[in-house]
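Shown next: query.pdb, containing PDB, C-alpha atoms.
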```pdb
ATOM      1  CA  MET S  23      -3.240  82.234  57.919  1.00  0.00           C
ATOM      2  CA  ALA S  24      -0.790  83.805  60.314  1.00  0.00           C
ATOM      3  CA  THR S  25       2.354  85.391  58.929  1.00  0.00           C
ATOM      4  CA  TYR S  26       5.789  85.410  60.461  1.00  0.00           C
ATOM      5  CA  GLU S  27       8.092  88.052  59.044  1.00  0.00           C
ATOM      6  CA  LEU S  28      11.662  89.088  59.757  1.00  0.00           C
ATOM      7  CA  ILE S  29      11.625  92.794  60.651  1.00  0.00           C
ATOM      8  CA  GLU S  30      15.368  93.277  61.176  1.00  0.00           C
ATOM      9  CA  THR S  31      18.422  91.205  62.014  1.00  0.00           C
ATOM     10  CA  ILE S  32      21.933  92.172  63.024  1.00  0.00           C
ATOM     11  CA  THR S  33      25.160  90.307  63.681  1.00  0.00           C
ATOM     12  CA  LEU S  34      27.716  92.211  65.730  1.00  0.00           C
ATOM     13  CA  GLY S  35      30.904  93.143  63.917  1.00  0.00           C
ATOM     14  CA  SER S  36      32.504  94.249  67.168  1.00  0.00           C
ATOM     15  CA  ASN S  37      31.741  93.994  70.878  1.00  0.00           C
ATOM     16  CA  ALA S  38      28.802  96.034  72.177  1.00  0.00           C
ATOM     17  CA  ALA S  39      27.047  96.651  75.483  1.00  0.00           C
ATOM     18  CA  SER S  40      23.562  96.512  74.015  1.00  0.00           C
ATOM     19  CA  VAL S  41      21.478  96.252  70.872  1.00  0.00           C
ATOM     20  CA  THR S  42      18.338  98.334  70.379  1.00  0.00           C
ATOM     21  CA  PHE S  43      15.629  97.876  67.759  1.00  0.00           C
ATOM     22  CA  SER S  44      13.886 101.231  67.365  1.00  0.00           C
ATOM     23  CA  ASP S  45      10.900 102.458  65.347  1.00  0.00           C
ATOM     24  CA  ILE S  46       9.334  99.008  65.510  1.00  0.00           C
ATOM     25  CA  PRO S  47       6.409  98.820  63.069  1.00  0.00           C
ATOM     26  CA  GLN S  48       3.036  98.829  64.823  1.00  0.00           C
ATOM     27  CA  THR S  49       1.429  96.643  62.179  1.00  0.00           C
ATOM     28  CA  TYR S  50       1.947  93.206  63.705  1.00  0.00           C
ATOM     29  CA  THR S  51       0.098  91.343  66.438  1.00  0.00           C
ATOM     30  CA  ASP S  52       3.057  89.889  68.331  1.00  0.00           C
ATOM     31  CA  LEU S  53       6.853  90.141  68.368  1.00  0.00           C
ATOM     32  CA  LYS S  54       9.487  87.452  68.664  1.00  0.00           C
ATOM     33  CA  ILE S  55      13.207  87.946  69.266  1.00  0.00           C
ATOM     34  CA  VAL S  56      15.770  85.248  68.508  1.00  0.00           C
ATOM     35  CA  ILE S  57      19.154  85.846  70.122  1.00  0.00           C
ATOM     36  CA  SER S  58      22.521  84.104  69.986  1.00  0.00           C
ATOM     37  CA  VAL S  59      25.124  85.714  72.230  1.00  0.00           C
ATOM     38  CA  ARG S  60      28.388  85.318  74.015  1.00  0.00           C
ATOM     39  CA  SER S  61      29.685  87.810  76.595  1.00  0.00           C
ATOM     40  CA  THR S  62      33.052  89.065  77.779  1.00  0.00           C
ATOM     41  CA  TYR S  63      31.792  88.412  81.333  1.00  0.00           C
ATOM     42  CA  ALA S  64      34.419  86.343  83.181  1.00  0.00           C
ATOM     43  CA  SER S  65      32.225  83.387  84.110  1.00  0.00           C
ATOM     44  CA  THR S  66      30.601  80.425  82.384  1.00  0.00           C
ATOM     45  CA  SER S  67      27.402  82.412  81.985  1.00  0.00           C
ATOM     46  CA  GLY S  68      25.852  85.784  82.749  1.00  0.00           C
ATOM     47  CA  ILE S  69      22.470  87.476  82.610  1.00  0.00           C
ATOM     48  CA  LEU S  70      20.816  88.881  79.497  1.00  0.00           C
ATOM     49  CA  TRP S  71      18.401  91.790  79.978  1.00  0.00           C
ATOM     50  CA  LEU S  72      15.485  93.215  78.040  1.00  0.00           C
ATOM     51  CA  ARG S  73      13.982  96.706  78.269  1.00  0.00           C
ATOM     52  CA  PHE S  74      11.189  98.460  76.419  1.00  0.00           C
ATOM     53  CA  ASN S  75      10.995 102.054  75.169  1.00  0.00           C
ATOM     54  CA  GLY S  76      14.157 102.965  77.104  1.00  0.00           C
ATOM     55  CA  ASP S  77      12.373 102.507  80.443  1.00  0.00           C
ATOM     56  CA  SER S  78      14.916 101.674  83.169  1.00  0.00           C
ATOM     57  CA  GLY S  79      12.445 102.171  86.037  1.00  0.00           C
ATOM     58  CA  VAL S  80      11.607  99.329  88.398  1.00  0.00           C
ATOM     59  CA  ASN S  81       8.628  98.291  86.288  1.00  0.00           C
ATOM     60  CA  TYR S  82       9.477  94.736  85.315  1.00  0.00           C
ATOM     61  CA  PRO S  83       8.306  91.921  87.609  1.00  0.00           C
ATOM     62  CA  PHE S  84       9.460  88.498  86.452  1.00  0.00           C
ATOM     63  CA  ARG S  85       9.646  84.853  87.542  1.00  0.00           C
ATOM     64  CA  ARG S  86      12.451  82.553  86.506  1.00  0.00           C
ATOM     65  CA  LEU S  87      13.027  78.807  86.559  1.00  0.00           C
ATOM     66  CA  GLU S  88      16.593  77.601  86.056  1.00  0.00           C
ATOM     67  CA  GLY S  89      18.461  74.337  85.798  1.00  0.00           C
ATOM     68  CA  SER S  90      22.241  74.147  85.764  1.00  0.00           C
ATOM     69  CA  GLY S  91      22.810  70.452  85.225  1.00  0.00           C
ATOM     70  CA  SER S  92      23.325  69.876  88.942  1.00  0.00           C
ATOM     71  CA  ALA S  93      20.655  72.010  90.611  1.00  0.00           C
ATOM     72  CA  VAL S  94      17.314  73.619  89.919  1.00  0.00           C
ATOM     73  CA  SER S  95      16.041  76.883  91.299  1.00  0.00           C
ATOM     74  CA  SER S  96      13.192  79.305  90.882  1.00  0.00           C
ATOM     75  CA  ASN S  97      13.093  82.932  91.858  1.00  0.00           C
ATOM     76  CA  ALA S  98      11.156  86.113  91.432  1.00  0.00           C
ATOM     77  CA  ALA S  99      12.117  89.766  91.325  1.00  0.00           C
ATOM     78  CA  THR S 100      10.963  93.174  90.204  1.00  0.00           C
ATOM     79  CA  ALA S 101      13.701  95.177  88.569  1.00  0.00           C
ATOM     80  CA  GLY S 102      14.591  97.827  86.033  1.00  0.00           C
ATOM     81  CA  GLN S 103      14.610  95.186  83.292  1.00  0.00           C
ATOM     82  CA  ILE S 104      13.531  91.603  82.648  1.00  0.00           C
ATOM     83  CA  GLY S 105      16.223  88.948  82.911  1.00  0.00           C
ATOM     84  CA  ILE S 106      15.268  87.043  79.763  1.00  0.00           C
ATOM     85  CA  GLY S 107      18.011  84.467  79.810  1.00  0.00           C
ATOM     86  CA  ARG S 108      21.681  83.707  79.957  1.00  0.00           C
ATOM     87  CA  THR S 109      24.728  84.696  78.023  1.00  0.00           C
ATOM     88  CA  THR S 110      27.582  82.285  77.529  1.00  0.00           C
ATOM     89  CA  GLY S 111      30.499  83.809  79.422  1.00  0.00           C
ATOM     90  CA  SER S 112      34.171  84.076  78.535  1.00  0.00           C
ATOM     91  CA  THR S 113      35.262  81.064  80.610  1.00  0.00           C
ATOM     92  CA  ALA S 114      32.819  78.699  78.887  1.00  0.00           C
ATOM     93  CA  THR S 115      33.939  76.507  76.014  1.00  0.00           C
ATOM     94  CA  ALA S 116      35.439  78.657  73.270  1.00  0.00           C
ATOM     95  CA  ASN S 117      33.238  79.638  70.335  1.00  0.00           C
ATOM     96  CA  THR S 118      29.977  78.599  72.011  1.00  0.00           C
ATOM     97  CA  PHE S 119      27.046  81.003  72.109  1.00  0.00           C
ATOM     98  CA  SER S 120      23.853  80.949  74.164  1.00  0.00           C
ATOM     99  CA  ASN S 121      20.375  80.772  72.636  1.00  0.00           C
ATOM    100  CA  THR S 122      17.368  82.817  73.714  1.00  0.00           C
ATOM    101  CA  GLU S 123      13.888  83.135  72.271  1.00  0.00           C
ATOM    102  CA  VAL S 124      11.510  85.809  73.533  1.00  0.00           C
ATOM    103  CA  TYR S 125       7.785  86.129  72.756  1.00  0.00           C
ATOM    104  CA  ILE S 126       5.865  89.381  73.269  1.00  0.00           C
ATOM    105  CA  PRO S 127       2.146  89.165  72.466  1.00  0.00           C
ATOM    106  CA  ASN S 128      -0.096  92.188  71.841  1.00  0.00           C
ATOM    107  CA  TYR S 129       2.808  94.650  71.911  1.00  0.00           C
ATOM    108  CA  THR S 130       0.707  97.511  70.510  1.00  0.00           C
ATOM    109  CA  GLY S 131      -2.132  97.084  73.005  1.00  0.00           C
ATOM    110  CA  SER S 132      -3.023  99.316  75.935  1.00  0.00           C
ATOM    111  CA  THR S 133      -2.598  96.684  78.648  1.00  0.00           C
ATOM    112  CA  TYR S 134       0.589  95.778  80.528  1.00  0.00           C
ATOM    113  CA  LYS S 135       2.931  93.828  78.250  1.00  0.00           C
ATOM    114  CA  SER S 136       3.680  90.187  78.998  1.00  0.00           C
ATOM    115  CA  VAL S 137       6.896  88.478  78.001  1.00  0.00           C
ATOM    116  CA  SER S 138       7.915  84.836  77.979  1.00  0.00           C
ATOM    117  CA  SER S 139      11.329  83.472  77.121  1.00  0.00           C
ATOM    118  CA  THR S 140      13.379  80.329  77.072  1.00  0.00           C
ATOM    119  CA  ALA S 141      17.152  80.282  76.990  1.00  0.00           C
ATOM    120  CA  ALA S 142      20.129  77.958  77.149  1.00  0.00           C
ATOM    121  CA  SER S 143      23.718  78.904  77.785  1.00  0.00           C
ATOM    122  CA  GLU S 144      26.209  76.655  76.050  1.00  0.00           C
ATOM    123  CA  ASN S 145      29.255  75.033  77.593  1.00  0.00           C
ATOM    124  CA  ASN S 146      30.874  71.759  76.659  1.00  0.00           C
ATOM    125  CA  ALA S 147      31.135  70.858  80.348  1.00  0.00           C
ATOM    126  CA  VAL S 148      28.860  70.010  83.255  1.00  0.00           C
ATOM    127  CA  ALA S 149      27.784  73.536  84.160  1.00  0.00           C
ATOM    128  CA  ALA S 150      25.327  75.139  81.747  1.00  0.00           C
ATOM    129  CA  GLN S 151      22.086  76.965  82.371  1.00  0.00           C
ATOM    130  CA  ILE S 152      18.643  76.458  80.912  1.00  0.00           C
ATOM    131  CA  THR S 153      16.132  79.127  81.804  1.00  0.00           C
ATOM    132  CA  ALA S 154      12.410  79.756  81.448  1.00  0.00           C
ATOM    133  CA  THR S 155      11.136  83.229  82.285  1.00  0.00           C
ATOM    134  CA  ALA S 156       7.738  84.888  82.532  1.00  0.00           C
ATOM    135  CA  GLY S 157       7.719  88.643  82.912  1.00  0.00           C
ATOM    136  CA  LEU S 158       5.673  91.780  82.601  1.00  0.00           C
ATOM    137  CA  TRP S 159       6.325  95.381  81.671  1.00  0.00           C
ATOM    138  CA  ASN S 160       4.033  97.438  83.873  1.00  0.00           C
ATOM    139  CA  ASN S 161       3.255  99.999  81.226  1.00  0.00           C
ATOM    140  CA  THR S 162       0.288 100.521  78.911  1.00  0.00           C
ATOM    141  CA  SER S 163       2.266 102.176  76.118  1.00  0.00           C
ATOM    142  CA  ALA S 164       2.759 100.413  72.834  1.00  0.00           C
ATOM    143  CA  ILE S 165       6.241  98.969  72.464  1.00  0.00           C
ATOM    144  CA  THR S 166       8.100 101.040  69.882  1.00  0.00           C
ATOM    145  CA  SER S 167      11.643 100.060  70.811  1.00  0.00           C
ATOM    146  CA  LEU S 168      13.338  97.280  72.712  1.00  0.00           C
ATOM    147  CA  SER S 169      16.874  96.843  73.970  1.00  0.00           C
ATOM    148  CA  VAL S 170      18.811  93.684  74.722  1.00  0.00           C
ATOM    149  CA  LEU S 171      21.609  94.362  77.217  1.00  0.00           C
ATOM    150  CA  ASP S 172      24.493  92.485  78.754  1.00  0.00           C
ATOM    151  CA  GLY S 173      23.349  92.272  82.392  1.00  0.00           C
ATOM    152  CA  GLU S 174      26.836  92.000  83.856  1.00  0.00           C
ATOM    153  CA  SER S 175      28.149  95.374  82.677  1.00  0.00           C
ATOM    154  CA  SER S 176      30.245  93.433  80.200  1.00  0.00           C
ATOM    155  CA  ASN S 177      29.999  93.335  76.418  1.00  0.00           C
ATOM    156  CA  LEU S 178      28.263  91.092  73.931  1.00  0.00           C
ATOM    157  CA  VAL S 179      30.931  89.805  71.592  1.00  0.00           C
ATOM    158  CA  THR S 180      31.467  89.850  67.845  1.00  0.00           C
ATOM    159  CA  ASN S 181      29.199  87.441  65.944  1.00  0.00           C
ATOM    160  CA  SER S 182      26.432  87.663  68.524  1.00  0.00           C
ATOM    161  CA  SER S 183      23.196  87.932  66.548  1.00  0.00           C
ATOM    162  CA  PHE S 184      19.742  89.391  67.122  1.00  0.00           C
ATOM    163  CA  SER S 185      16.672  88.884  64.945  1.00  0.00           C
ATOM    164  CA  LEU S 186      13.325  90.595  65.465  1.00  0.00           C
ATOM    165  CA  TYR S 187      10.243  88.987  63.933  1.00  0.00           C
ATOM    166  CA  GLY S 188       6.701  90.277  63.588  1.00  0.00           C
ATOM    167  CA  ILE S 189       3.735  87.912  63.703  1.00  0.00           C
ATOM    168  CA  LYS S 190       0.348  88.788  62.267  1.00  0.00           C
ATOM    169  CA  LYS S 191      -2.883  87.015  62.936  1.00  0.00           C
ATOM    170  CA  ALA S 192      -4.901  85.815  59.953  1.00  0.00           C
TER
ATOM    171  CA  MET Q  18      34.475 102.733  76.344  1.00  0.00           C
ATOM    172  CA  SER Q  19      31.623 100.389  75.398  1.00  0.00           C
ATOM    173  CA  THR Q  20      29.467 100.913  72.365  1.00  0.00           C
ATOM    174  CA  VAL Q  21      25.760 100.535  71.738  1.00  0.00           C
ATOM    175  CA  ILE Q  22      24.089  99.431  68.526  1.00  0.00           C
ATOM    176  CA  GLU Q  23      20.781 100.809  67.338  1.00  0.00           C
ATOM    177  CA  VAL Q  24      18.846  99.280  64.460  1.00  0.00           C
ATOM    178  CA  ASN Q  25      16.110 101.538  63.104  1.00  0.00           C
ATOM    179  CA  CYS Q  26      13.369  99.186  61.903  1.00  0.00           C
ATOM    180  CA  ALA Q  27      11.731 101.882  59.771  1.00  0.00           C
ATOM    181  CA  THR Q  28      14.833 102.743  57.766  1.00  0.00           C
ATOM    182  CA  GLY Q  29      17.087  99.737  58.285  1.00  0.00           C
ATOM    183  CA  GLN Q  30      19.854 102.105  59.340  1.00  0.00           C
ATOM    184  CA  VAL Q  31      22.335 100.735  61.884  1.00  0.00           C
ATOM    185  CA  THR Q  32      24.016 103.207  64.220  1.00  0.00           C
ATOM    186  CA  GLU Q  33      27.013 102.335  66.356  1.00  0.00           C
ATOM    187  CA  ARG Q  34      28.157 104.847  68.938  1.00  0.00           C
ATOM    188  CA  GLU Q  35      29.889 105.038  72.286  1.00  0.00           C
ATOM    189  CA  LEU Q  36      27.863 105.141  75.478  1.00  0.00           C
ATOM    190  CA  THR Q  37      27.137 108.674  76.660  1.00  0.00           C
ATOM    191  CA  ALA Q  38      28.200 109.710  80.162  1.00  0.00           C
ATOM    192  CA  GLU Q  39      24.553 109.454  81.218  1.00  0.00           C
ATOM    193  CA  GLU Q  40      24.259 105.954  79.779  1.00  0.00           C
ATOM    194  CA  ASN Q  41      27.475 104.926  81.488  1.00  0.00           C
ATOM    195  CA  ALA Q  42      26.120 106.184  84.802  1.00  0.00           C
ATOM    196  CA  GLN Q  43      22.852 104.311  84.170  1.00  0.00           C
ATOM    197  CA  ARG Q  44      24.830 101.173  83.412  1.00  0.00           C
ATOM    198  CA  GLU Q  45      26.724 101.428  86.662  1.00  0.00           C
ATOM    199  CA  ALA Q  46      23.503 102.059  88.571  1.00  0.00           C
ATOM    200  CA  ASP Q  47      21.931  99.071  86.806  1.00  0.00           C
ATOM    201  CA  ALA Q  48      24.800  96.870  87.932  1.00  0.00           C
ATOM    202  CA  VAL Q  49      24.389  97.950  91.552  1.00  0.00           C
ATOM    203  CA  ALA Q  50      20.610  97.465  91.445  1.00  0.00           C
ATOM    204  CA  ALA Q  51      20.950  94.086  89.773  1.00  0.00           C
ATOM    205  CA  ALA Q  52      23.467  92.955  92.368  1.00  0.00           C
ATOM    206  CA  GLU Q  53      21.035  93.928  95.114  1.00  0.00           C
ATOM    207  CA  VAL Q  54      18.203  92.020  93.424  1.00  0.00           C
ATOM    208  CA  GLN Q  55      20.455  89.000  92.924  1.00  0.00           C
ATOM    209  CA  ALA Q  56      21.594  89.131  96.555  1.00  0.00           C
ATOM    210  CA  ALA Q  57      17.962  89.076  97.696  1.00  0.00           C
ATOM    211  CA  VAL Q  58      17.211  86.164  95.356  1.00  0.00           C
ATOM    212  CA  ASP Q  59      20.290  84.280  96.606  1.00  0.00           C
ATOM    213  CA  ALA Q  60      19.344  84.912 100.242  1.00  0.00           C
ATOM    214  CA  GLU Q  61      15.819  83.616  99.614  1.00  0.00           C
ATOM    215  CA  GLN Q  62      17.215  80.512  97.923  1.00  0.00           C
ATOM    216  CA  ALA Q  63      19.702  79.949 100.755  1.00  0.00           C
ATOM    217  CA  ALA Q  64      16.878  80.176 103.302  1.00  0.00           C
ATOM    218  CA  LYS Q  65      14.840  77.644 101.305  1.00  0.00           C
ATOM    219  CA  ASP Q  66      17.847  75.291 101.096  1.00  0.00           C
ATOM    220  CA  ALA Q  67      18.485  75.578 104.820  1.00  0.00           C
ATOM    221  CA  ALA Q  68      14.826  74.877 105.634  1.00  0.00           C
ATOM    222  CA  ARG Q  69      14.880  71.864 103.355  1.00  0.00           C
ATOM    223  CA  GLU Q  70      18.028  70.468 104.962  1.00  0.00           C
ATOM    224  CA  SER Q  71      16.512  70.972 108.394  1.00  0.00           C
ATOM    225  CA  ALA Q  72      13.318  69.212 107.346  1.00  0.00           C
ATOM    226  CA  VAL Q  73      15.264  66.285 105.884  1.00  0.00           C
ATOM    227  CA  ALA Q  74      17.258  65.932 109.111  1.00  0.00           C
ATOM    228  CA  LYS Q  75      14.076  65.894 111.179  1.00  0.00           C
ATOM    229  CA  LEU Q  76      12.497  63.282 108.908  1.00  0.00           C
ATOM    230  CA  ALA Q  77      15.600  61.100 109.348  1.00  0.00           C
ATOM    231  CA  LEU Q  78      15.274  61.426 113.142  1.00  0.00           C
ATOM    232  CA  LEU Q  79      11.687  60.190 112.825  1.00  0.00           C
ATOM    233  CA  GLY Q  80      13.056  57.001 111.284  1.00  0.00           C
ATOM    234  CA  LEU Q  81      12.395  57.567 107.582  1.00  0.00           C
ATOM    235  CA  SER Q  82      14.944  55.984 105.239  1.00  0.00           C
ATOM    236  CA  ASP Q  83      16.825  58.009 102.632  1.00  0.00           C
ATOM    237  CA  VAL Q  84      14.621  56.494  99.927  1.00  0.00           C
ATOM    238  CA  GLU Q  85      11.467  57.458 101.812  1.00  0.00           C
ATOM    239  CA  ILE Q  86      12.736  61.000 102.376  1.00  0.00           C
ATOM    240  CA  ALA Q  87      13.650  61.323  98.726  1.00  0.00           C
ATOM    241  CA  ALA Q  88      10.146  60.153  97.799  1.00  0.00           C
ATOM    242  CA  LEU Q  89       8.726  62.985  99.896  1.00  0.00           C
ATOM    243  CA  VAL Q  90      11.037  65.880  99.131  1.00  0.00           C
ATOM    244  CA  GLY Q  91      12.875  64.833  95.983  1.00  0.00           C
ATOM    245  CA  ASN Q  92      16.578  64.248  95.568  1.00  0.00           C
TER
END
```
I'd like the structure from this file rewritten - as structure tokens, please.
Amino acid sequence: MATYELIETITLGSNAASVTFSDIPQTYTDLKIVISVRSTYASTSGILWLRFNGDSGVNYPFRRLEGSGSAVSSNAATAGQIGIGRTTGSTATANTFSNTEVYIPNYTGSTYKSVSSTAASENNAVAAQITATAGLWNNTSAITSLSVLDGESSNLVTNSSFSLYGIKKA
Amino acid sequence: MSTVIEVNCATGQVTERELTAEENAQREADAVAAAEVQAAVDAEQAAKDAARESAVAKLALLGLSDVEIAALVGN
């Protein structure tokens, strides 16, 4: 029977540019991150980034499918991080936070690391983003740390929360 | 000055500190790089939109109705 365990969770007590989980145990099969964030970015929504082991090199190809409520789009890029989803920005409905779930299988393996995520920004109005992302970290190292960053050079606000789970096979 | 939060999963210790000068520089470089990536993505999307509009206009000139065009290319 598979197990699903909370490794660590944190809720921000003040604004921060990023949150890093370090010294991740190497005893699980997969990792899952559950994120609820709002940003100081002056828009209805911004980008949320993910990096592994502090690597900011252009080693993260990803594909993204987005719907805004009025349009759909898909795009691809290779960057210094994976755009895993959306933040809710400061001009969106007050006190709403975006949701993002990220799955990282085989994070201790020696192959490139795949990432999938789904996200929804929140806004009690027409414009809101829902995003599905598939990405890769072109690195064979085991993942020992991961960072979630505000992708707009803004800050993630108080009460944003981040939970890291470990999943073990039977 | 922005802060960063680090959660050590081995000890449970949470560290909050200000960005170093190096991290600030990285953040600024990240923003520039991300803007370039986004500009390329936007340009690609704009080219796709323009090609679609052109195709729809040509289909209309061939005599297809709006409903028929929508059936082919979506709304």
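Comparing Q:Glu70, Q:Glu40, Q:Asp47, Q:Glu85 by their smallest distance to chain S, the closest is Q:Asp47 (using only C-alpha atoms).
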On this structure, which residues satisfy the PyMOL selection byres ((chain S and resi 174) around 8), written as a PDB file with C-alpha atoms, in the frame of the given file?
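Final output, saved to part_34.pdb:
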```
ATOM      1  CA  TYR S  63      31.792  88.412  81.333  1.00  0.00           C
ATOM      2  CA  GLY S  68      25.852  85.784  82.749  1.00  0.00           C
ATOM      3  CA  ILE S  69      22.470  87.476  82.610  1.00  0.00           C
ATOM      4  CA  ASP S 172      24.493  92.485  78.754  1.00  0.00           C
ATOM      5  CA  GLY S 173      23.349  92.272  82.392  1.00  0.00           C
ATOM      6  CA  SER S 175      28.149  95.374  82.677  1.00  0.00           C
ATOM      7  CA  SER S 176      30.245  93.433  80.200  1.00  0.00           C
TER       8      SER S 176
ATOM      9  CA  ALA Q  48      24.800  96.870  87.932  1.00  0.00           C
TER      10      ALA Q  48
END
```
Evaluating the ChimeraX specification (/S :<12) & /Q on the displayed file yields which residues, as number ranges by chain? Q: 18-36, 40-63, 65-66, 91-92
Which neighbours of Ile165 (chain S) fall inside 12 Å, counting all atoms listed in the file, when residues of the same chain fewer than 3 positions from it are skipped, and could you give them as a PyMOL selection string? chain S and resi 43-53+73-77+126-137+159-162+168-169
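For the atom pair formed by CA of Ser61 (chain S) and CA of Tyr26 (chain S), the distance is 28.9 Å, given to one decimal.
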Residues matched by the PyMOL selection byres ((chain S and resi 157) around 9), written as a VMD selection string: chain S and resid 82 to 86 104 to 106 135 to 139 155 to 156 158 to 159
